[in-house]
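For reference, final06.txt (compact mmCIF, C-alpha atoms):
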# COMPACT_ATOMS: atom_id res chain seq x y z
CA MET W 1 -6.71 -8.42 10.30
CA GLY W 2 -10.19 -7.07 9.68
CA GLU W 3 -11.27 -6.32 6.11
CA LEU W 4 -7.81 -5.46 4.91
CA VAL W 5 -5.68 -8.03 3.25
CA ALA W 6 -2.09 -7.42 2.31
CA GLY W 7 -1.71 -8.64 -1.22
CA MET W 8 -3.48 -11.94 -0.73
CA GLY W 9 -6.75 -13.14 -2.20
CA GLN W 10 -8.89 -13.85 0.84
CA THR W 11 -12.11 -12.02 -0.05
CA LEU W 12 -15.03 -12.93 -2.25
CA PHE W 13 -14.18 -10.43 -4.95
CA ALA W 14 -10.66 -11.43 -5.88
CA GLU W 15 -11.21 -10.93 -9.62
CA GLU W 16 -12.43 -7.35 -9.25
CA LEU W 17 -9.75 -6.64 -6.66
CA ASP W 18 -7.10 -7.83 -9.04
CA HIS W 19 -8.59 -5.52 -11.62
CA ALA W 20 -8.25 -2.60 -9.20
CA LYS W 21 -4.65 -3.54 -8.64
CA TYR W 22 -4.09 -3.76 -12.37
CA LEU W 23 -5.50 -0.23 -12.80
CA ALA W 24 -3.28 1.12 -10.04
CA GLU W 25 -0.21 -0.55 -11.52
CA ARG W 26 -1.06 0.62 -15.01
CA ALA W 27 -1.15 4.19 -13.72
CA ALA W 28 2.14 3.63 -11.89
CA ILE W 29 3.97 2.25 -14.91
CA SER W 30 3.94 5.55 -16.77
CA VAL W 31 5.58 7.24 -13.78
CA LEU W 32 8.08 4.44 -13.15
CA ALA W 33 9.11 4.53 -16.79
CA THR W 34 10.25 8.12 -16.44
CA ASP W 35 11.81 7.88 -12.98
CA SER W 36 14.38 5.11 -12.69
CA GLU W 37 15.01 5.87 -9.00
CA LEU W 38 11.45 5.14 -7.96
CA ILE W 39 10.95 1.69 -6.47
CA LEU W 40 7.49 0.18 -6.53
CA ARG W 41 6.77 -1.90 -3.45
CA GLU W 42 5.73 -5.43 -4.25
CA GLU W 43 3.28 -5.58 -1.37
CA TRP W 44 -0.14 -4.10 -1.99
CA TRP W 45 -3.30 -3.68 -0.01
CA LYS W 46 -6.99 -4.01 -0.66
CA GLY W 47 -10.39 -3.62 0.92
CA ASN W 48 -13.70 -2.03 0.04
CA LEU W 49 -15.40 1.32 0.36
CA GLU W 50 -19.01 2.42 0.56
CA PRO W 51 -20.15 5.33 -1.62
CA GLY W 52 -19.85 8.57 0.31
CA LYS W 53 -17.57 7.06 2.94
CA ALA W 54 -13.89 7.32 3.75
CA LYS W 55 -11.43 5.14 5.59
CA LEU W 56 -8.00 5.80 7.04
CA PHE W 57 -5.07 3.64 6.15
CA PRO W 58 -2.04 3.90 8.49
CA GLN W 59 1.35 4.14 6.87
CA GLN W 60 4.87 4.63 8.20
CA LEU W 61 6.76 7.23 6.20
CA PHE W 62 10.41 8.20 6.53
CA SER W 63 11.58 11.78 6.19
CA LYS W 64 13.78 12.56 3.15
CA ASN W 65 12.11 9.87 1.07
CA THR W 66 9.60 10.77 -1.61
CA TYR W 67 6.53 8.56 -1.82
CA GLN W 68 3.91 8.16 -4.49
CA PHE W 69 0.66 6.33 -3.77
CA TRP W 70 -1.96 5.03 -6.18
CA LEU W 71 -5.51 4.12 -5.19
CA ALA W 72 -7.82 2.47 -7.72
CA VAL W 73 -11.31 0.97 -7.87
CA PRO W 74 -12.68 -1.10 -10.79
CA ASP W 75 -15.72 1.01 -11.79
CA PRO W 76 -14.55 3.62 -14.35
CA SER W 77 -17.51 5.86 -13.50
CA ALA W 78 -16.63 6.01 -9.79
CA THR W 79 -14.45 8.78 -8.39
CA VAL W 80 -11.92 8.10 -5.65
CA PHE W 81 -10.06 10.58 -3.47
CA LEU W 82 -6.73 10.09 -1.78
CA ASN W 83 -5.32 12.44 0.87
CA LEU W 84 -2.67 12.26 3.56
CA TYR W 85 -2.85 13.19 7.26
CA ASP W 86 -0.13 13.25 9.88
CA GLY W 87 -0.12 11.29 13.14
CA GLU W 88 -2.25 13.98 14.78
CA GLY W 89 -4.82 13.87 12.01
CA LYS W 90 -3.82 17.13 10.31
CA LEU W 91 -4.07 17.32 6.50
CA ILE W 92 -0.65 17.21 4.83
CA GLU W 93 0.06 19.03 1.62
CA THR W 94 0.63 16.59 -1.20
CA ARG W 95 0.86 16.86 -4.97
CA ALA W 96 -1.95 15.17 -6.85
CA VAL W 97 -0.84 13.35 -9.98
CA ASP W 98 -3.21 12.59 -12.80
CA SER W 99 -1.17 9.99 -14.60
CA SER W 100 -4.07 7.79 -15.66
CA ARG W 101 -6.63 10.49 -16.51
CA ALA W 102 -9.23 8.24 -14.89
CA LYS W 103 -11.49 9.25 -12.01
CA ASN W 104 -11.29 5.79 -10.51
CA VAL W 105 -7.54 6.09 -9.98
CA ALA W 106 -6.08 8.68 -7.62
CA SER W 107 -2.41 9.35 -7.00
CA ILE W 108 -0.50 11.65 -4.69
CA VAL W 109 3.17 12.44 -4.11
CA VAL W 110 4.67 13.52 -0.79
CA THR W 111 8.09 14.09 0.74
CA PRO W 112 7.37 14.03 4.49
CA GLU W 113 9.27 16.40 6.74
CA LYS W 114 9.13 14.04 9.69
CA THR W 115 9.32 10.29 10.15
CA GLY W 116 6.31 8.64 11.73
CA THR W 117 2.88 7.17 11.27
CA TYR W 118 0.71 8.93 8.71
CA TYR W 119 -2.83 8.17 7.55
CA LEU W 120 -3.99 7.92 3.97
CA ARG W 121 -7.64 8.86 3.63
CA LEU W 122 -9.25 6.68 1.00
CA ALA W 123 -12.66 7.93 -0.11
CA LEU W 124 -15.31 7.07 -2.67
CA GLU W 125 -17.67 9.74 -4.00
CA LYS W 126 -21.24 9.66 -2.76
CA SER W 127 -22.75 9.28 -6.23
CA ALA W 128 -20.92 6.03 -6.94
CA GLU W 129 -23.44 3.31 -7.65
CA ALA W 130 -22.10 0.55 -5.48
CA ARG W 131 -19.44 -0.40 -2.97
CA GLN W 132 -16.07 -0.57 -4.59
CA ASP W 133 -13.18 -2.88 -3.89
CA TRP W 134 -9.99 -0.89 -3.84
CA ALA W 135 -6.30 -1.55 -4.30
CA LEU W 136 -3.50 0.58 -2.95
CA ILE W 137 0.12 0.50 -4.07
CA TYR W 138 3.06 2.80 -3.46
CA ALA W 139 6.55 3.57 -4.65
CA PHE W 140 9.39 5.45 -2.98
CA LYS W 141 12.78 6.92 -3.70
CA MET O 1 -28.52 28.83 13.51
CA ARG O 2 -25.85 29.57 10.89
CA ARG O 3 -23.14 28.54 13.33
CA PHE O 4 -25.01 25.31 14.02
CA ILE O 5 -25.14 24.52 10.31
CA ILE O 6 -21.41 25.16 9.93
CA VAL O 7 -20.62 22.95 12.93
CA LEU O 8 -22.94 20.24 11.59
CA PHE O 9 -21.28 20.42 8.17
CA ALA O 10 -17.82 20.18 9.72
CA ALA O 11 -18.93 17.16 11.77
CA ILE O 12 -20.32 15.40 8.70
CA VAL O 13 -17.18 16.05 6.68
CA GLY O 14 -14.91 14.99 9.52
CA SER O 15 -16.88 11.80 10.08
CA GLY O 16 -16.03 10.41 6.68
CA SER O 17 -18.62 11.75 4.25
CA ILE O 18 -17.16 12.80 0.97
CA SER O 19 -16.65 16.05 -0.82
CA ALA O 20 -13.98 16.94 -3.35
CA GLU O 21 -12.26 19.03 -0.68
CA PRO O 22 -10.76 16.83 2.04
CA PRO O 23 -11.36 17.80 5.67
CA ALA O 24 -8.55 19.80 7.26
CA SER O 25 -8.30 17.20 9.98
CA VAL O 26 -9.47 13.72 10.93
CA ASP O 27 -9.77 12.13 14.35
CA VAL O 28 -7.23 9.33 14.17
CA LYS O 29 -7.57 8.49 17.87
CA LYS O 30 -11.33 8.00 17.77
CA GLY O 31 -11.11 6.44 14.32
CA SER O 32 -13.25 8.93 12.43
CA PRO O 33 -13.25 7.92 9.63
CA GLN O 34 -12.64 4.27 10.46
CA VAL O 35 -8.97 3.36 10.71
CA ILE O 36 -8.24 0.18 8.81
CA ALA O 37 -6.48 -2.44 10.90
CA ALA O 38 -3.47 -2.80 8.67
CA SER O 39 -0.16 -4.52 9.01
CA ILE O 40 2.26 -2.54 6.90
CA ILE O 41 5.87 -3.17 7.66
CA PRO O 42 8.18 -1.13 5.44
CA VAL O 43 11.09 -2.93 3.84
CA PRO O 44 14.53 -2.06 5.25
CA MET O 45 15.53 -0.30 2.03
CA GLU O 46 12.97 2.41 2.70
CA VAL O 47 14.74 3.56 5.82
CA PHE O 48 18.18 2.85 4.29
CA SER O 49 17.24 5.07 1.36
CA ALA O 50 16.21 7.88 3.73
CA LEU O 51 19.46 7.60 5.69
CA ASP O 52 21.52 7.64 2.51
CA LYS O 53 20.16 11.08 1.70
CA MET O 54 21.86 12.44 4.82
CA GLY O 55 25.34 11.62 3.58
CA VAL O 56 27.60 8.80 2.50
CA MET O 57 26.96 5.76 4.68
CA ASP O 58 29.34 2.87 5.22
CA TRP O 59 26.87 0.12 4.44
CA ASN O 60 29.69 -2.36 3.84
CA GLY O 61 30.83 -1.74 7.41
CA GLN O 62 27.43 -2.89 8.64
CA LEU O 63 27.58 -6.23 6.83
CA GLU O 64 28.81 -8.56 9.52
CA LYS O 65 28.75 -11.86 7.62
CA ARG O 66 27.41 -13.73 10.62
CA ASP O 67 27.55 -17.48 10.40
CA PHE O 68 24.67 -19.75 11.36
CA ARG O 69 23.56 -23.34 11.33
CA THR O 70 20.09 -24.34 10.29
CA THR O 71 18.04 -26.58 12.57
CA ALA O 72 14.53 -28.04 12.57
CA ASP O 73 13.38 -24.93 14.47
CA ARG O 74 11.18 -23.34 11.78
CA PRO O 75 10.30 -20.15 13.70
CA ARG O 76 14.02 -19.46 14.15
CA THR O 77 14.63 -20.25 10.48
CA ALA O 78 11.89 -17.79 9.50
CA LEU O 79 13.45 -15.08 11.69
CA LEU O 80 16.87 -15.83 10.21
CA LEU O 81 15.46 -15.55 6.71
CA GLY O 82 14.09 -12.12 7.57
CA LEU O 83 17.46 -11.05 8.97
CA VAL O 84 19.35 -12.36 5.94
CA ILE O 85 16.97 -10.59 3.54
CA SER O 86 17.59 -7.42 5.52
CA ASP O 87 21.34 -7.94 5.01
CA GLY O 88 20.57 -8.36 1.34
CA PHE O 89 18.95 -4.92 1.23
CA MET O 90 22.05 -3.53 2.95
CA ALA O 91 24.37 -5.18 0.43
CA VAL O 92 22.31 -3.66 -2.37
CA GLN O 93 22.55 -0.26 -0.69
CA ALA O 94 26.33 -0.76 -0.55
CA LYS O 95 26.27 -1.83 -4.22
CA ASN O 96 28.33 -4.82 -3.14
CA ALA O 97 27.70 -7.46 -5.80
CA THR O 98 29.82 -10.12 -4.07
CA GLU O 99 27.80 -9.78 -0.89
CA VAL O 100 24.49 -9.79 -2.74
CA LYS O 101 25.48 -13.09 -4.35
CA ARG O 102 26.61 -14.57 -1.02
CA ILE O 103 23.38 -13.49 0.66
CA GLY O 104 21.38 -14.91 -2.24
CA LEU O 105 22.87 -18.31 -1.43
CA LEU O 106 21.98 -17.91 2.24
CA VAL O 107 18.40 -17.03 1.34
CA GLN O 108 18.23 -20.23 -0.73
CA LYS O 109 19.72 -22.21 2.15
CA LEU O 110 17.00 -20.95 4.50
CA ALA O 111 14.17 -21.18 1.97
CA GLY O 112 14.54 -25.00 1.80
CA PRO O 113 13.52 -25.88 5.35
CA LEU O 114 10.65 -23.40 5.07
CA GLY O 115 9.31 -25.04 1.91
CA VAL O 116 9.68 -21.98 -0.33
CA SER O 117 12.69 -23.06 -2.36
CA GLU O 118 11.11 -23.13 -5.78
CA PRO O 119 9.73 -19.56 -5.96
CA VAL O 120 12.79 -18.21 -4.16
CA ASP O 121 15.18 -19.84 -6.64
CA GLU O 122 13.36 -18.06 -9.45
CA ARG O 123 13.71 -14.72 -7.71
CA ILE O 124 17.38 -15.20 -6.90
CA LYS O 125 17.97 -15.95 -10.56
CA SER O 126 16.35 -12.59 -11.43
CA ILE O 127 18.54 -10.82 -8.86
CA LEU O 128 21.66 -12.33 -10.41
CA GLU O 129 20.55 -11.29 -13.88
CA ALA O 130 19.96 -7.71 -12.74
CA LEU O 131 23.35 -7.77 -10.99
CA ALA O 132 25.07 -8.96 -14.15
CA SER O 133 23.75 -5.96 -16.03
CA GLY O 134 24.58 -3.56 -13.19
CA GLN O 135 20.98 -2.39 -12.79
CA TRP O 136 20.94 -1.61 -9.09
CA THR O 137 17.41 -0.21 -9.01
CA GLN O 138 16.29 -3.46 -10.60
CA VAL O 139 18.28 -5.42 -8.01
CA LYS O 140 16.44 -3.51 -5.26
CA GLN O 141 13.12 -4.25 -6.92
CA GLU O 142 14.00 -7.95 -7.21
CA MET O 143 15.08 -8.07 -3.59
CA ASP O 144 11.69 -6.71 -2.52
CA ARG O 145 10.05 -9.19 -4.89
CA THR O 146 11.97 -12.01 -3.20
CA ARG O 147 10.75 -10.92 0.22
CA GLN O 148 7.18 -10.64 -1.03
CA THR O 149 7.36 -14.03 -2.75
CA VAL O 150 8.46 -15.62 0.52
CA LEU O 151 5.62 -13.97 2.46
CA GLU O 152 2.93 -14.77 -0.10
CA THR O 153 4.04 -18.37 -0.57
CA MET O 154 4.06 -18.92 3.18
CA ARG O 155 0.58 -17.43 3.56
CA LYS O 156 -0.71 -19.64 0.77
CA MET O 157 0.84 -22.65 2.51
CA ARG O 158 -1.04 -21.70 5.71
CA ASP O 159 2.24 -20.67 7.27
CA ALA O 160 1.08 -17.13 8.01
CA GLU O 161 2.72 -17.25 11.43
CA LEU O 162 6.09 -17.91 9.88
CA ALA O 163 5.47 -15.09 7.38
CA THR O 164 4.94 -12.79 10.36
CA LEU O 165 8.32 -13.87 11.72
CA VAL O 166 10.07 -13.28 8.39
CA ALA O 167 8.66 -9.73 8.28
CA LEU O 168 9.64 -9.21 11.92
CA GLY O 169 13.17 -10.48 11.29
CA GLY O 170 13.54 -8.10 8.34
CA TRP O 171 12.43 -5.12 10.36
CA LEU O 172 14.70 -6.14 13.23
CA GLY O 173 17.77 -6.41 10.98
CA GLY O 174 17.08 -3.02 9.42
CA THR O 175 16.52 -1.37 12.77
CA GLU O 176 19.71 -2.81 14.20
CA ALA O 177 21.67 -1.48 11.23
CA ILE O 178 20.13 2.00 11.37
CA SER O 179 20.62 2.32 15.12
CA SER O 180 24.22 1.11 14.78
CA ILE O 181 24.99 3.73 12.12
CA LEU O 182 23.29 6.47 14.12
CA GLU O 183 25.07 5.47 17.29
CA GLU O 184 28.44 5.78 15.51
CA ASP O 185 27.55 8.98 13.68
CA TYR O 186 24.74 10.58 15.65
CA SER O 187 22.62 13.43 14.34
CA ALA O 188 19.30 14.74 15.61
CA GLU O 189 18.06 14.75 12.01
CA GLY O 190 18.99 11.10 11.52
CA SER O 191 17.52 10.02 14.83
CA ASP O 192 14.09 10.91 13.48
CA LEU O 193 14.26 7.76 11.34
CA LEU O 194 13.93 5.64 14.46
CA ASN O 195 10.55 7.14 15.28
CA GLN O 196 8.83 3.85 14.50
CA THR O 197 6.40 3.48 17.39
CA GLY O 198 3.55 2.84 14.95
CA ILE O 199 5.38 -0.07 13.34
CA LEU O 200 6.30 -1.35 16.76
CA GLU O 201 2.63 -1.43 17.77
CA GLU O 202 1.76 -3.29 14.57
CA LEU O 203 4.53 -5.80 15.18
CA GLN O 204 3.34 -6.32 18.74
CA MET O 205 -0.22 -6.89 17.53
CA ASP O 206 1.01 -9.37 14.92
CA PHE O 207 3.13 -11.06 17.58
CA ASP O 208 0.20 -11.29 20.00
CA GLN O 209 -1.78 -13.15 17.36
CA LEU O 210 0.79 -15.94 17.12
CA SER O 211 -0.20 -19.24 18.72
CA GLU O 212 0.65 -19.65 22.37
CA LEU O 213 2.60 -22.78 21.53
CA LEU O 214 4.85 -20.85 19.18
CA LYS O 215 5.33 -18.05 21.70
CA GLU O 216 6.61 -20.51 24.29
CA GLY O 217 9.94 -20.76 22.47
CA LYS O 218 12.95 -19.11 24.07
CA ILE O 219 13.63 -16.73 21.17
CA LEU O 220 10.00 -15.78 20.85
CA LYS O 221 9.85 -14.86 24.52
CA LYS O 222 12.90 -12.68 24.04
CA ILE O 223 11.25 -11.00 21.05
CA ASP O 224 8.17 -10.28 23.15
CA ARG O 225 10.28 -8.61 25.85
CA THR O 226 12.35 -6.64 23.36
CA LEU O 227 9.34 -5.31 21.44
CA ALA O 228 7.73 -4.27 24.72
CA GLY O 229 10.86 -2.40 25.77
CA LEU O 230 11.67 -0.64 22.49
CA GLY O 231 8.63 1.65 22.56
CA GLU O 232 10.17 3.76 25.31
CA TRP O 233 13.38 4.30 23.33
CA MET O 234 11.65 5.03 20.01
CA GLU O 235 9.53 7.81 21.44
CA PRO O 236 10.90 11.17 20.23
CA ASP O 237 10.97 14.31 22.40
CA GLU O 238 8.78 17.34 21.69
CA LYS O 239 11.18 18.44 18.93
CA GLY O 240 10.94 15.08 17.22
CA VAL O 241 14.45 14.08 18.30
CA ILE O 242 15.50 10.72 19.72
CA SER O 243 18.51 11.22 21.98
CA LEU O 244 21.83 9.44 21.50
CA VAL O 245 21.21 7.52 24.74
CA LYS O 246 17.94 6.21 23.35
CA VAL O 247 19.53 5.39 19.98
CA SER O 248 22.21 3.41 21.85
CA MET O 249 19.55 1.55 23.80
CA ILE O 250 17.71 0.67 20.58
CA HIS O 251 20.97 -0.62 19.13
CA GLN O 252 21.82 -2.60 22.26
CA GLU O 253 18.37 -4.19 22.46
CA THR O 254 18.06 -5.04 18.77
CA ARG O 255 21.63 -6.32 18.53
CA ALA O 256 21.13 -8.62 21.51
CA LEU O 257 18.02 -10.03 19.87
CA VAL O 258 19.71 -10.49 16.49
CA GLU O 259 22.59 -12.33 18.16
CA ALA O 260 20.17 -14.53 20.08
CA ILE O 261 18.46 -15.52 16.83
CA TYR O 262 21.77 -16.35 15.17
CA ALA O 263 23.02 -18.33 18.18
CA LEU O 264 21.99 -21.96 18.37
CA ASP O 265 21.45 -21.77 22.11
CA PRO O 266 20.22 -18.21 22.82

Could the structure of this file be written out as structure tokens, please?
Amino acid sequence: MGELVAGMGQTLFAEELDHAKYLAERAAISVLATDSELILREEWWKGNLEPGKAKLFPQQLFSKNTYQFWLAVPDPSATVFLNLYDGEGKLIETRAVDSSRAKNVASIVVTPEKTGTYYLRLALEKSAEARQDWALIYAFK
Amino acid sequence: MRRFIIVLFAAIVGSGSISAEPPASVDVKKGSPQVIAASIIPVPMEVFSALDKMGVMDWNGQLEKRDFRTTADRPRTALLLGLVISDGFMAVQAKNATEVKRIGLLVQKLAGPLGVSEPVDERIKSILEALASGQWTQVKQEMDRTRQTVLETMRKMRDAELATLVALGGWLGGTEAISSILEEDYSAEGSDLLNQTGILEELQMDFDQLSELLKEGKILKKIDRTLAGLGEWMEPDEKGVISLVKVSMIHQETRALVEAIYALDP
């Protein structure tokens, strides 16, 4: 399954990865507390990113649903970016949510018009000091 | 020269370098930036939730209360567990507490032979508590937690192949239900929900990674054939619509597979 692991500790940096997940969940809690319809998926995903690089994460989305994604890395001085592209690779308009007020956590909301495979672009700013292990979670309603 | 610089800049941005502004497009086919090899199978309630927004659905009508006998065939048991969990999501969608309780017992019955009884019992207890207080969103959350607990426990027990089959069974049950509803009450808008070719490819990749020994089983061979055939029917037309004929074919194929898994001698 390459570098990506779905919610299971199989890499060398499990502690830091768990911390990234904790940061993502902490950001999600404030949103979940105010929206009782939103369901946070139990499964989560992790990997790592080089400074100045991006990766695409495929994701099936269903039209009519609203999704919110959270991407986090452990280093509070690092900045992460999260964007969504359709199956053809075209940028999709999403709403950025700054629920954690932290640069190392990014969150977007989208209600896709069509069902299909989309791609989340996970990126780490170039000036980040080191590779970062990331965690991705999402909720839907 | 200026044009060259602009083109060069666009190429750098598109290739995965970072600026605050995301590129307008990425090359998903060539993998620029790199596409992570991920296995992300949505839970049935995601698609059920989307379908619900199109009108009142008769989820109770989809709950067939199929009977089954457990055997020493662990791959079949794993597939059954996935199917039963999928029924659980449907019962939650129907807000049918009686069915949720009945399905909870079935999940426990199947968890035993797969060695995941203990964590599953804990989760079922949480489902029942949420049911008792009428918190349906919480019940949904607990149902997903149950599924995830099963998958994680199996992976920890080096039973990753069985976890793959649980996830596959769950997707299969959900897809059968959705295609059944759409076949009975077809709409072009609803048909869009069956555009799941990406998931299908992931499932096929996961399936291909199973051991050859496992894939020799009768049911597993049938799964292989069904997954290979479904791609054609899940492909939407240029307007993003999947025709009623295709929806019917998806239902026919998935139903036949579900029945084969439930049957002792498929």

Residues of chain W within 8 Å of chain O, using all atoms listed in the file, as an mmCIF file with C-alpha atoms, in the coordinates of the input?
data_model
loop_
_atom_site.group_PDB
_atom_site.id
_atom_site.type_symbol
_atom_site.label_atom_id
_atom_site.label_comp_id
_atom_site.auth_asym_id
_atom_site.auth_seq_id
_atom_site.Cartn_x
_atom_site.Cartn_y
_atom_site.Cartn_z
ATOM 1 C CA MET W 1 -6.710 -8.420 10.300
ATOM 2 C CA GLY W 2 -10.190 -7.070 9.680
ATOM 3 C CA GLU W 3 -11.270 -6.320 6.110
ATOM 4 C CA LEU W 4 -7.810 -5.460 4.910
ATOM 5 C CA VAL W 5 -5.680 -8.030 3.250
ATOM 6 C CA ALA W 6 -2.090 -7.420 2.310
ATOM 7 C CA GLY W 7 -1.710 -8.640 -1.220
ATOM 8 C CA MET W 8 -3.480 -11.940 -0.730
ATOM 9 C CA SER W 36 14.380 5.110 -12.690
ATOM 10 C CA GLU W 37 15.010 5.870 -9.000
ATOM 11 C CA ILE W 39 10.950 1.690 -6.470
ATOM 12 C CA LEU W 40 7.490 0.180 -6.530
ATOM 13 C CA ARG W 41 6.770 -1.900 -3.450
ATOM 14 C CA GLU W 42 5.730 -5.430 -4.250
ATOM 15 C CA GLU W 43 3.280 -5.580 -1.370
ATOM 16 C CA GLY W 52 -19.850 8.570 0.310
ATOM 17 C CA LYS W 53 -17.570 7.060 2.940
ATOM 18 C CA ALA W 54 -13.890 7.320 3.750
ATOM 19 C CA LYS W 55 -11.430 5.140 5.590
ATOM 20 C CA LEU W 56 -8.000 5.800 7.040
ATOM 21 C CA PHE W 57 -5.070 3.640 6.150
ATOM 22 C CA PRO W 58 -2.040 3.900 8.490
ATOM 23 C CA GLN W 59 1.350 4.140 6.870
ATOM 24 C CA GLN W 60 4.870 4.630 8.200
ATOM 25 C CA PHE W 62 10.410 8.200 6.530
ATOM 26 C CA SER W 63 11.580 11.780 6.190
ATOM 27 C CA LYS W 64 13.780 12.560 3.150
ATOM 28 C CA ASN W 65 12.110 9.870 1.070
ATOM 29 C CA PHE W 81 -10.060 10.580 -3.470
ATOM 30 C CA ASN W 83 -5.320 12.440 0.870
ATOM 31 C CA TYR W 85 -2.850 13.190 7.260
ATOM 32 C CA GLY W 87 -0.120 11.290 13.140
ATOM 33 C CA GLU W 88 -2.250 13.980 14.780
ATOM 34 C CA GLY W 89 -4.820 13.870 12.010
ATOM 35 C CA LYS W 90 -3.820 17.130 10.310
ATOM 36 C CA LEU W 91 -4.070 17.320 6.500
ATOM 37 C CA LYS W 114 9.130 14.040 9.690
ATOM 38 C CA THR W 115 9.320 10.290 10.150
ATOM 39 C CA GLY W 116 6.310 8.640 11.730
ATOM 40 C CA THR W 117 2.880 7.170 11.270
ATOM 41 C CA ALA W 123 -12.660 7.930 -0.110
ATOM 42 C CA LEU W 124 -15.310 7.070 -2.670
ATOM 43 C CA GLU W 125 -17.670 9.740 -4.000
ATOM 44 C CA LYS W 126 -21.240 9.660 -2.760
ATOM 45 C CA PHE W 140 9.390 5.450 -2.980
ATOM 46 C CA LYS W 141 12.780 6.920 -3.700
#

Check: If we count all atoms listed in the file, what is near Asp73 in chain O at a cut-off of 12 Å, once residues fewer than 4 positions away on the same chain are taken out, given as a ChimeraX atom specification?
Finding: /O:69,77-80,110,113-114,162,214,217-220,261,264-265

Margin query: Residues within 12 Å of range 25-35 of chain W, please, as a PyMOL selection string. Count all atoms listed in the file; anything in the same chain fewer than 2 positions from it doesn't count.
Written below: (chain W and resi 18-23+37-44+66+68-73+97-109+135-141) or (chain O and resi 137-138+141)

Item checked: Sel. within 10 Å of pt (16.3, -18.7, -5.9), counting only C-alpha atoms, output as a list in words ->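 In the file's frame, the residues around the point are Gly104, Leu105, Leu106, Val107, Gln108, Lys109, Ala111, Val116, Ser117, Glu118, Pro119, Val120, Asp121, Glu122, Arg123, Ile124, Lys125, Ser126, Ile127, Leu128 and Thr146 of chain O.
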
Item checked: For CA of Thr175 in chain O and CA of Pro44 in chain O, the interatomic separation in Å (one decimal) -> 7.8 Å

Checklist line | Distance in Å - CA of Gly231 in chain O versus CA of Ala188 in chain O | finding: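 Computed distance, CA of Gly231 in chain O to CA of Ala188 in chain O, equals 18.3 Å.
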
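What separates CA of Thr254 in chain O from CA of Gly88 in chain O is a distance of 17.9 Å.
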
Next item on the list: Kindly indicate which residue among O:Glu176, O:Glu235, O:Glu99, O:Glu129 lies nearest to Glu259 in chain O, using only C-alpha atoms for the distances.
Entry: O:Glu176

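Closest approach to Ala260 in chain O among O:Thr98, O:Gly174, O:Phe68, O:Ile103: O:Phe68, based on all atoms listed in the file.
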
Check: Looking at all atoms listed in the file, which of O:Arg74, O:Lys215, O:Lys95, O:Arg66 is the one that sits closest to Leu131 in chain O?
Finding: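 The answer is O:Lys95, which sits nearest to Leu131 in chain O.
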
Next item on the list: Measuring atom to atom with only C-alpha atoms, identify which of W:Ser127, W:Ser77, W:Thr94, W:Asn48 is nearest to Glu113 in chain W.
Entry: W:Thr94

Non-local contacts of Ala130 in chain W (10 Å; only C-alpha atoms; under 6 positions in same chain excluded) as a compact mmCIF listing (two decimals) with C-alpha atoms, keeping the file's coordinate frame:
# COMPACT_ATOMS: atom_id res chain seq x y z
CA LEU W 49 -15.40 1.32 0.36
CA GLU W 50 -19.01 2.42 0.56
CA PRO W 51 -20.15 5.33 -1.62
CA ASP W 75 -15.72 1.01 -11.79
CA ALA W 78 -16.63 6.01 -9.79
CA LEU W 124 -15.31 7.07 -2.67
